[in-house]
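Participant: Have a look at the structure that comes next, please.
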Amino acid sequence: MTDTPPFGLSPVINVSGTITGLGASIASHAVREATAAMMGHFVNMHELQSRANQAIQRLTGAEAGFMTASASAGISLTVAGCMTGMDPGLAEELPCSPGPKSRVAVQLGHLCHYGAPVSQSVELAGADVLPVGQSTLCTDHSLRRAMGPEVSSALYVVSHHVVHYGQVPLKRFAEIAHEADVPVIVDAASEYDLRGFLADGADVVIYSGHKFLGGPTSGIVAGRRDLVRAAYLQNIGIGRGMKIGKESIAGAIAALEAWETRDHAGIREQEQVALDLWSAALEGIDGVTARPVADPTGNPLDRLEVTIDAGILGADASGIASALASRQTPIIVRNHEVELGYFQLDPCNLKPGQAEVVANALRELLTDHAALDQIPEDLASARNGGTDGYLSWGDAEE
Ligand SMILES: *Cc1c(COP(=O)(O)O)cnc(C)c1O
């Protein structure tokens with residue numbers, strides 16, 4: 001591979017998805033140009049956010065929208081806006097004095113960890129999470145009962161990380177919240193569907209700019225004009241530490257506009273080529289079963305699920321995932337369900353030639369019984385690795 005990262009950093013092959021710890025996504029040439037072009041200018045940031053508003057309106061069908069630092073920031077700002085409305089004094093008092101309507105209703109099964117607890121994005125605004133139902137069941141009546149006078153918004157999380165059954169679906173969730181005049185915020189950080197959640201009753205929907213969109217690090221807040229404006233107002237308060245720069249707004253606008261004209265079918269075909277290549281490479285290896293699986297939240301993409309029979313291979317899925325990650329050029333697989341005996345290969349973030357490297361590495365490792373016998377189980381790192389990286393960072397410099 002000729003193109004390597006700057007500063008002599010080690011290249012990484014990402015078959016795990018749009019992961020913060022790997023730099024989220026790779027931006028297109030157009031996005032990189034737009035980002036760089038903005039760096040040489042002073043601009044009126046409100047004017048730039050109005051330009052972002054136009055792109056967001058067009059792509060999402062929302063009444064209004066703006067950009068912030070991340071989807072996580074978007075949740076905090078929107079929760080805050082639902083408490084303060086357009087009162088700048090209240091906005092400056094957050095998070096310490098959130099006022100009487102300081103609760104945010106969330107189904108317990110939606111309180112996931114996406115790299116940080118979703119509850120914390122709510123609490124950063126000074127709000128309290130009001131968990132509704134139990135982890136695997138939320139009834140309509142539990143949700144209805146939760147909509148008391150102290151609730152200023154209800155948060156609905158769309159993610160492969162949330163519990164996938166027994167939860168109130170968005171349309172119903174919105175009906176119940178709206179009966180009590182409670183606005184619904186949807187965290188759709190990783191979702192391709194830019195219109196469906198608003199159509200299904202969301203008042204505000206939040207996307208990451210740096211995931212599927214392939215923009216610079218950014219978050220998109222889109223929805224009802226009054227709520228979007230109240231969320232934007234938070235930039236004079238808690239939003240300061242979540243500020244987005246002009247360059248990232250410019251890049252995120254370019255990414256949104258490119259989404260409109262992207263050859264989605266062509267990209268899907270390329271992804272299928274990688275999936276077929278990997279299936280063929282794993283074909284006939286004793287103890288390995290591979291099958292394509294649909295994205296759990298309905299994004300239009302498939303991944304290859306590779307199930308490992310540890311009894312036959314001598315190593316389990318967690319150990320194999322770690323072994324692939326410790327190659328000289330690390331191959332990072334999707335391992336969040338690895339204790340169930342499989343990992344997945346995500347074809348969305350490949351550079352030319354990498355699908356072949358992954359196919360060869362898999363075949364080489366999974367047929368090398370001497371090497372497999374040496375690989376210890378590594379279930380703890382699948383769970384704790386995200387934290388361990390932060391704890392050990394800096395060790396090498398001491
Ligand atoms: C990634 C993700 C986030 C955080 O997105 P950032 O833009 O990186 O802050 C929030 N919620 C869900 C469901 C996510 O998948």
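Within each chain, counting starts at residue 1; across the structure tokens, chains are named A, B, ... in the order shown, with ligands numbered 1 upward in that order.
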Any residue with an atom at most 9 Å from ligand 1 counts, using only C-alpha atoms and all ligand atoms. Which are they? Put them as a VMD selection string.

Facilitator: chain A and resid 18 to 20 24 69 to 75 112 to 118 121 157 to 162 187 to 191 206 to 211 217 to 220

Participant: Keeping N, CA, C and O atoms, export the residues of the selection given above as a short mmCIF file (atom, residue, chain, number, x, y, z; two decimals), in the first residue's frame.

Facilitator:
```cif
data_model
loop_
_atom_site.label_atom_id
_atom_site.label_comp_id
_atom_site.auth_asym_id
_atom_site.auth_seq_id
_atom_site.Cartn_x
_atom_site.Cartn_y
_atom_site.Cartn_z
N THR A 18 -17.55 2.15 11.60
CA THR A 18 -17.10 3.52 11.83
C THR A 18 -16.83 3.69 13.32
O THR A 18 -17.73 3.97 14.10
N ILE A 19 -15.58 3.47 13.70
CA ILE A 19 -15.21 3.37 15.10
C ILE A 19 -14.37 4.59 15.49
O ILE A 19 -13.36 4.88 14.85
N THR A 20 -14.80 5.26 16.56
CA THR A 20 -14.09 6.45 17.04
C THR A 20 -12.60 6.15 17.28
O THR A 20 -11.74 6.95 16.91
N ALA A 24 -12.93 6.97 13.01
CA ALA A 24 -14.31 7.03 12.50
C ALA A 24 -14.49 6.62 11.04
O ALA A 24 -15.03 5.58 10.75
N ALA A 69 -20.26 19.51 17.56
CA ALA A 69 -19.00 18.77 17.56
C ALA A 69 -19.17 17.29 17.25
O ALA A 69 -18.27 16.67 16.69
N SER A 70 -20.30 16.71 17.66
CA SER A 70 -20.48 15.26 17.56
C SER A 70 -21.95 14.96 17.83
O SER A 70 -22.69 15.84 18.31
N ALA A 71 -22.34 13.74 17.59
CA ALA A 71 -23.71 13.34 17.92
C ALA A 71 -23.90 13.40 19.43
O ALA A 71 -24.95 13.81 19.93
N SER A 72 -22.86 12.98 20.14
CA SER A 72 -22.93 13.00 21.60
C SER A 72 -23.22 14.43 22.10
O SER A 72 -24.08 14.64 22.97
N ALA A 73 -22.53 15.40 21.54
CA ALA A 73 -22.77 16.80 21.86
C ALA A 73 -24.20 17.19 21.48
O ALA A 73 -24.89 17.90 22.22
N GLY A 74 -24.66 16.70 20.33
CA GLY A 74 -26.01 17.02 19.86
C GLY A 74 -27.06 16.59 20.87
O GLY A 74 -28.06 17.30 21.09
N ILE A 75 -26.84 15.43 21.51
CA ILE A 75 -27.80 14.96 22.52
C ILE A 75 -27.82 15.94 23.70
O ILE A 75 -28.88 16.40 24.13
N CYS A 112 -27.56 2.55 26.43
CA CYS A 112 -26.40 1.77 25.97
C CYS A 112 -25.10 2.56 26.16
O CYS A 112 -25.10 3.70 26.62
N HIS A 113 -24.03 1.90 25.79
CA HIS A 113 -22.68 2.49 25.83
C HIS A 113 -22.16 2.47 24.41
O HIS A 113 -22.01 1.41 23.82
N TYR A 114 -21.94 3.63 23.82
CA TYR A 114 -21.45 3.68 22.43
C TYR A 114 -19.99 4.11 22.38
O TYR A 114 -19.51 4.60 21.37
N GLY A 115 -19.29 3.93 23.50
CA GLY A 115 -17.94 4.49 23.64
C GLY A 115 -17.94 5.38 24.88
O GLY A 115 -16.91 5.72 25.44
N ALA A 116 -19.13 5.72 25.31
CA ALA A 116 -19.43 6.44 26.56
C ALA A 116 -20.90 6.15 26.83
O ALA A 116 -21.64 5.80 25.91
N PRO A 117 -21.33 6.26 28.09
CA PRO A 117 -22.74 5.98 28.37
C PRO A 117 -23.65 7.06 27.77
O PRO A 117 -23.38 8.25 27.93
N VAL A 118 -24.71 6.65 27.10
CA VAL A 118 -25.64 7.62 26.52
C VAL A 118 -26.26 8.47 27.62
O VAL A 118 -26.54 9.67 27.44
N SER A 121 -24.50 11.81 28.26
CA SER A 121 -24.77 12.95 27.35
C SER A 121 -25.98 13.72 27.84
O SER A 121 -26.08 14.92 27.64
N VAL A 157 -33.13 5.85 21.34
CA VAL A 157 -31.81 5.55 20.78
C VAL A 157 -31.93 4.45 19.72
O VAL A 157 -32.49 3.39 19.99
N VAL A 158 -31.42 4.73 18.54
CA VAL A 158 -31.40 3.72 17.47
C VAL A 158 -29.96 3.25 17.34
O VAL A 158 -29.08 4.03 17.00
N SER A 159 -29.73 1.97 17.62
CA SER A 159 -28.34 1.48 17.59
C SER A 159 -28.31 -0.03 17.69
O SER A 159 -29.20 -0.63 18.30
N HIS A 160 -27.25 -0.62 17.14
CA HIS A 160 -27.05 -2.06 17.35
C HIS A 160 -26.73 -2.34 18.81
O HIS A 160 -26.76 -3.49 19.23
N HIS A 161 -26.40 -1.31 19.58
CA HIS A 161 -26.06 -1.51 20.98
C HIS A 161 -27.29 -1.65 21.88
O HIS A 161 -27.17 -2.08 23.02
N VAL A 162 -28.48 -1.24 21.43
CA VAL A 162 -29.63 -1.28 22.34
C VAL A 162 -30.28 -2.66 22.32
O VAL A 162 -30.03 -3.46 21.42
N ASP A 187 -31.63 9.67 18.89
CA ASP A 187 -30.20 9.50 18.62
C ASP A 187 -30.08 8.48 17.50
O ASP A 187 -30.26 7.28 17.72
N ALA A 188 -29.81 8.99 16.30
CA ALA A 188 -29.66 8.13 15.12
C ALA A 188 -28.24 8.27 14.58
O ALA A 188 -28.00 8.29 13.37
N ALA A 189 -27.28 8.36 15.51
CA ALA A 189 -25.90 8.70 15.16
C ALA A 189 -25.37 7.90 13.97
O ALA A 189 -24.73 8.45 13.09
N SER A 190 -25.67 6.61 13.96
CA SER A 190 -25.05 5.72 12.95
C SER A 190 -25.99 5.34 11.83
O SER A 190 -25.69 4.40 11.10
N GLU A 191 -27.12 6.00 11.71
CA GLU A 191 -28.14 5.52 10.76
C GLU A 191 -28.05 6.23 9.41
O GLU A 191 -27.84 7.43 9.34
N ILE A 206 -30.69 13.27 15.64
CA ILE A 206 -29.27 13.61 15.74
C ILE A 206 -28.45 12.56 14.99
O ILE A 206 -28.65 11.35 15.20
N TYR A 207 -27.55 13.03 14.13
CA TYR A 207 -26.66 12.14 13.37
C TYR A 207 -25.21 12.51 13.63
O TYR A 207 -24.90 13.66 13.92
N SER A 208 -24.33 11.52 13.47
CA SER A 208 -22.89 11.81 13.42
C SER A 208 -22.55 12.23 12.01
O SER A 208 -22.99 11.60 11.05
N GLY A 209 -21.69 13.24 11.87
CA GLY A 209 -21.21 13.61 10.54
C GLY A 209 -20.06 12.73 10.08
O GLY A 209 -19.73 12.69 8.90
N HIS A 210 -19.41 12.05 11.03
CA HIS A 210 -18.17 11.33 10.71
C HIS A 210 -18.35 9.83 10.63
O HIS A 210 -17.39 9.09 10.61
N LYS A 211 -19.58 9.37 10.65
CA LYS A 211 -19.78 7.92 10.52
C LYS A 211 -20.07 7.61 9.06
O LYS A 211 -19.23 7.86 8.21
N THR A 217 -15.11 15.22 11.92
CA THR A 217 -15.78 15.00 13.20
C THR A 217 -16.84 16.08 13.42
O THR A 217 -16.54 17.27 13.44
N SER A 218 -18.08 15.66 13.56
CA SER A 218 -19.19 16.61 13.61
C SER A 218 -20.48 15.90 14.00
O SER A 218 -20.55 14.67 13.94
N GLY A 219 -21.47 16.67 14.41
CA GLY A 219 -22.79 16.13 14.71
C GLY A 219 -23.84 17.00 14.07
O GLY A 219 -23.65 18.22 13.92
N ILE A 220 -24.94 16.39 13.66
CA ILE A 220 -26.02 17.11 12.98
C ILE A 220 -27.27 17.04 13.86
O ILE A 220 -27.67 15.96 14.29
#
```

Participant: Which neighbours of A:Gly237 fall inside 10 Å, counting only C-alpha atoms, when residues of the same chain fewer than 6 positions from it are skipped, and could you give them as a PyMOL selection string?

Facilitator: chain A and resi 77+80+88-95+125

Participant: With N, CA and C atoms retained, write the just-selected residues as a PDB file, in the first residue's frame.

Facilitator:
```pdb
ATOM      1  N   LEU A  77     -26.934  19.095  23.850  1.00  0.00           N
ATOM      2  CA  LEU A  77     -27.472  20.420  23.489  1.00  0.00           C
ATOM      3  C   LEU A  77     -28.988  20.368  23.317  1.00  0.00           C
ATOM      4  N   ALA A  80     -30.665  20.034  26.639  1.00  0.00           N
ATOM      5  CA  ALA A  80     -30.597  21.347  27.297  1.00  0.00           C
ATOM      6  C   ALA A  80     -31.632  22.300  26.709  1.00  0.00           C
ATOM      7  N   PRO A  88     -31.627  32.764  27.402  1.00  0.00           N
ATOM      8  CA  PRO A  88     -30.163  32.663  27.511  1.00  0.00           C
ATOM      9  C   PRO A  88     -29.678  32.609  28.957  1.00  0.00           C
ATOM     10  N   GLY A  89     -30.423  33.222  29.864  1.00  0.00           N
ATOM     11  CA  GLY A  89     -30.041  33.182  31.280  1.00  0.00           C
ATOM     12  C   GLY A  89     -30.071  31.755  31.798  1.00  0.00           C
ATOM     13  N   LEU A  90     -31.135  31.040  31.445  1.00  0.00           N
ATOM     14  CA  LEU A  90     -31.229  29.637  31.873  1.00  0.00           C
ATOM     15  C   LEU A  90     -30.121  28.812  31.231  1.00  0.00           C
ATOM     16  N   ALA A  91     -29.842  29.099  29.961  1.00  0.00           N
ATOM     17  CA  ALA A  91     -28.797  28.333  29.260  1.00  0.00           C
ATOM     18  C   ALA A  91     -27.454  28.493  29.973  1.00  0.00           C
ATOM     19  N   GLU A  92     -27.181  29.698  30.483  1.00  0.00           N
ATOM     20  CA  GLU A  92     -25.903  29.932  31.167  1.00  0.00           C
ATOM     21  C   GLU A  92     -25.855  29.291  32.545  1.00  0.00           C
ATOM     22  N   GLU A  93     -27.004  28.944  33.087  1.00  0.00           N
ATOM     23  CA  GLU A  93     -27.012  28.339  34.426  1.00  0.00           C
ATOM     24  C   GLU A  93     -26.843  26.824  34.407  1.00  0.00           C
ATOM     25  N   LEU A  94     -26.921  26.235  33.217  1.00  0.00           N
ATOM     26  CA  LEU A  94     -26.742  24.775  33.140  1.00  0.00           C
ATOM     27  C   LEU A  94     -25.263  24.431  33.369  1.00  0.00           C
ATOM     28  N   PRO A  95     -24.924  23.277  33.892  1.00  0.00           N
ATOM     29  CA  PRO A  95     -25.817  22.179  34.237  1.00  0.00           C
ATOM     30  C   PRO A  95     -26.340  22.226  35.671  1.00  0.00           C
ATOM     31  N   ALA A 125     -26.077  17.956  30.449  1.00  0.00           N
ATOM     32  CA  ALA A 125     -26.927  19.140  30.336  1.00  0.00           C
ATOM     33  C   ALA A 125     -27.509  19.550  31.691  1.00  0.00           C
TER      34      ALA A 125
END
```

Participant: Would you mind writing down, as an MDAnalysis selection string, each residue of stretch 214-299 of chain A that DSSP on the backbone assigns to strand (DSSP E)?

Facilitator: chainID A and resid 219:223 288:294

Participant: Atoms to include: N, CA and C atoms. Write the selected residues as an mmCIF file, in the first residue's frame.

Facilitator:
```cif
data_model
loop_
_atom_site.group_PDB
_atom_site.id
_atom_site.type_symbol
_atom_site.label_atom_id
_atom_site.label_comp_id
_atom_site.auth_asym_id
_atom_site.auth_seq_id
_atom_site.Cartn_x
_atom_site.Cartn_y
_atom_site.Cartn_z
ATOM 1 N N GLY A 219 -21.468 16.667 14.409
ATOM 2 C CA GLY A 219 -22.789 16.128 14.711
ATOM 3 C C GLY A 219 -23.844 17.002 14.066
ATOM 4 N N ILE A 220 -24.943 16.387 13.664
ATOM 5 C CA ILE A 220 -26.018 17.110 12.981
ATOM 6 C C ILE A 220 -27.266 17.045 13.859
ATOM 7 N N VAL A 221 -27.844 18.208 14.125
ATOM 8 C CA VAL A 221 -29.084 18.285 14.900
ATOM 9 C C VAL A 221 -30.150 18.808 13.945
ATOM 10 N N ALA A 222 -31.227 18.045 13.761
ATOM 11 C CA ALA A 222 -32.249 18.422 12.773
ATOM 12 C C ALA A 222 -33.631 18.196 13.342
ATOM 13 N N GLY A 223 -34.556 19.124 13.059
ATOM 14 C CA GLY A 223 -35.916 18.880 13.533
ATOM 15 C C GLY A 223 -36.755 20.132 13.626
ATOM 16 N N VAL A 288 -14.930 -23.358 10.959
ATOM 17 C CA VAL A 288 -15.263 -21.962 10.641
ATOM 18 C C VAL A 288 -16.525 -21.933 9.779
ATOM 19 N N THR A 289 -17.516 -21.147 10.199
ATOM 20 C CA THR A 289 -18.726 -20.977 9.394
ATOM 21 C C THR A 289 -18.900 -19.485 9.131
ATOM 22 N N ALA A 290 -19.118 -19.116 7.881
ATOM 23 C CA ALA A 290 -19.292 -17.704 7.558
ATOM 24 C C ALA A 290 -20.635 -17.514 6.875
ATOM 25 N N ARG A 291 -21.344 -16.451 7.276
ATOM 26 C CA ARG A 291 -22.613 -16.147 6.594
ATOM 27 C C ARG A 291 -22.833 -14.646 6.610
ATOM 28 N N PRO A 292 -23.411 -14.120 5.527
ATOM 29 C CA PRO A 292 -23.702 -12.694 5.523
ATOM 30 C C PRO A 292 -24.861 -12.399 6.469
ATOM 31 N N VAL A 293 -24.775 -11.313 7.213
ATOM 32 C CA VAL A 293 -25.884 -10.907 8.084
ATOM 33 C C VAL A 293 -26.255 -9.455 7.788
ATOM 34 N N ALA A 294 -27.549 -9.193 7.859
ATOM 35 C CA ALA A 294 -28.047 -7.835 7.614
ATOM 36 C C ALA A 294 -27.709 -6.952 8.809
#
```

Participant: Among the residues of stretch 3-230 of chain A, find those DSSP assigns to alpha helix (DSSP H) from the backbone and print them as a ChimeraX atom specification.

Facilitator: /A:29-38,45-60,71-84,88-93,118-123,140-146,170-179,196-199,225-230

Participant: Let me make sure I understand: among A:Ile331, A:Ala370, A:Ala280, A:Cys96, which one has the smallest atom-to-atom distance to A:Ala315 if we use only C-alpha atoms?

Facilitator: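 Distance minimum relative to A:Ala315 lands on A:Ala370.
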
Participant: So that I can see what lies close to A:Asp346, please list as a PDB file with N, CA, C and O atoms, in the first residue's frame the residues with an atom at most 6 Å from it, counting only C-alpha atoms and leaving out residues fewer than 6 positions away in the same chain.

Facilitator:
```
ATOM      1  N   VAL A  15     -12.042  -3.358   9.507  1.00  0.00           N
ATOM      2  CA  VAL A  15     -13.219  -4.123   9.085  1.00  0.00           C
ATOM      3  C   VAL A  15     -14.198  -4.229  10.257  1.00  0.00           C
ATOM      4  O   VAL A  15     -14.905  -5.215  10.421  1.00  0.00           O
ATOM      5  N   SER A  16     -14.200  -3.174  11.078  1.00  0.00           N
ATOM      6  CA  SER A  16     -15.084  -3.191  12.242  1.00  0.00           C
ATOM      7  C   SER A  16     -16.254  -2.227  12.108  1.00  0.00           C
ATOM      8  O   SER A  16     -17.284  -2.423  12.740  1.00  0.00           O
ATOM      9  N   GLY A  17     -16.121  -1.184  11.294  1.00  0.00           N
ATOM     10  CA  GLY A  17     -17.201  -0.205  11.170  1.00  0.00           C
ATOM     11  C   GLY A  17     -16.647   1.176  11.420  1.00  0.00           C
ATOM     12  O   GLY A  17     -15.432   1.384  11.443  1.00  0.00           O
ATOM     13  N   ARG A 303     -22.842  -7.622   6.616  1.00  0.00           N
ATOM     14  CA  ARG A 303     -21.500  -7.944   7.119  1.00  0.00           C
ATOM     15  C   ARG A 303     -21.330  -9.452   7.058  1.00  0.00           C
ATOM     16  O   ARG A 303     -22.311 -10.188   6.957  1.00  0.00           O
TER      17      ARG A 303
END
```
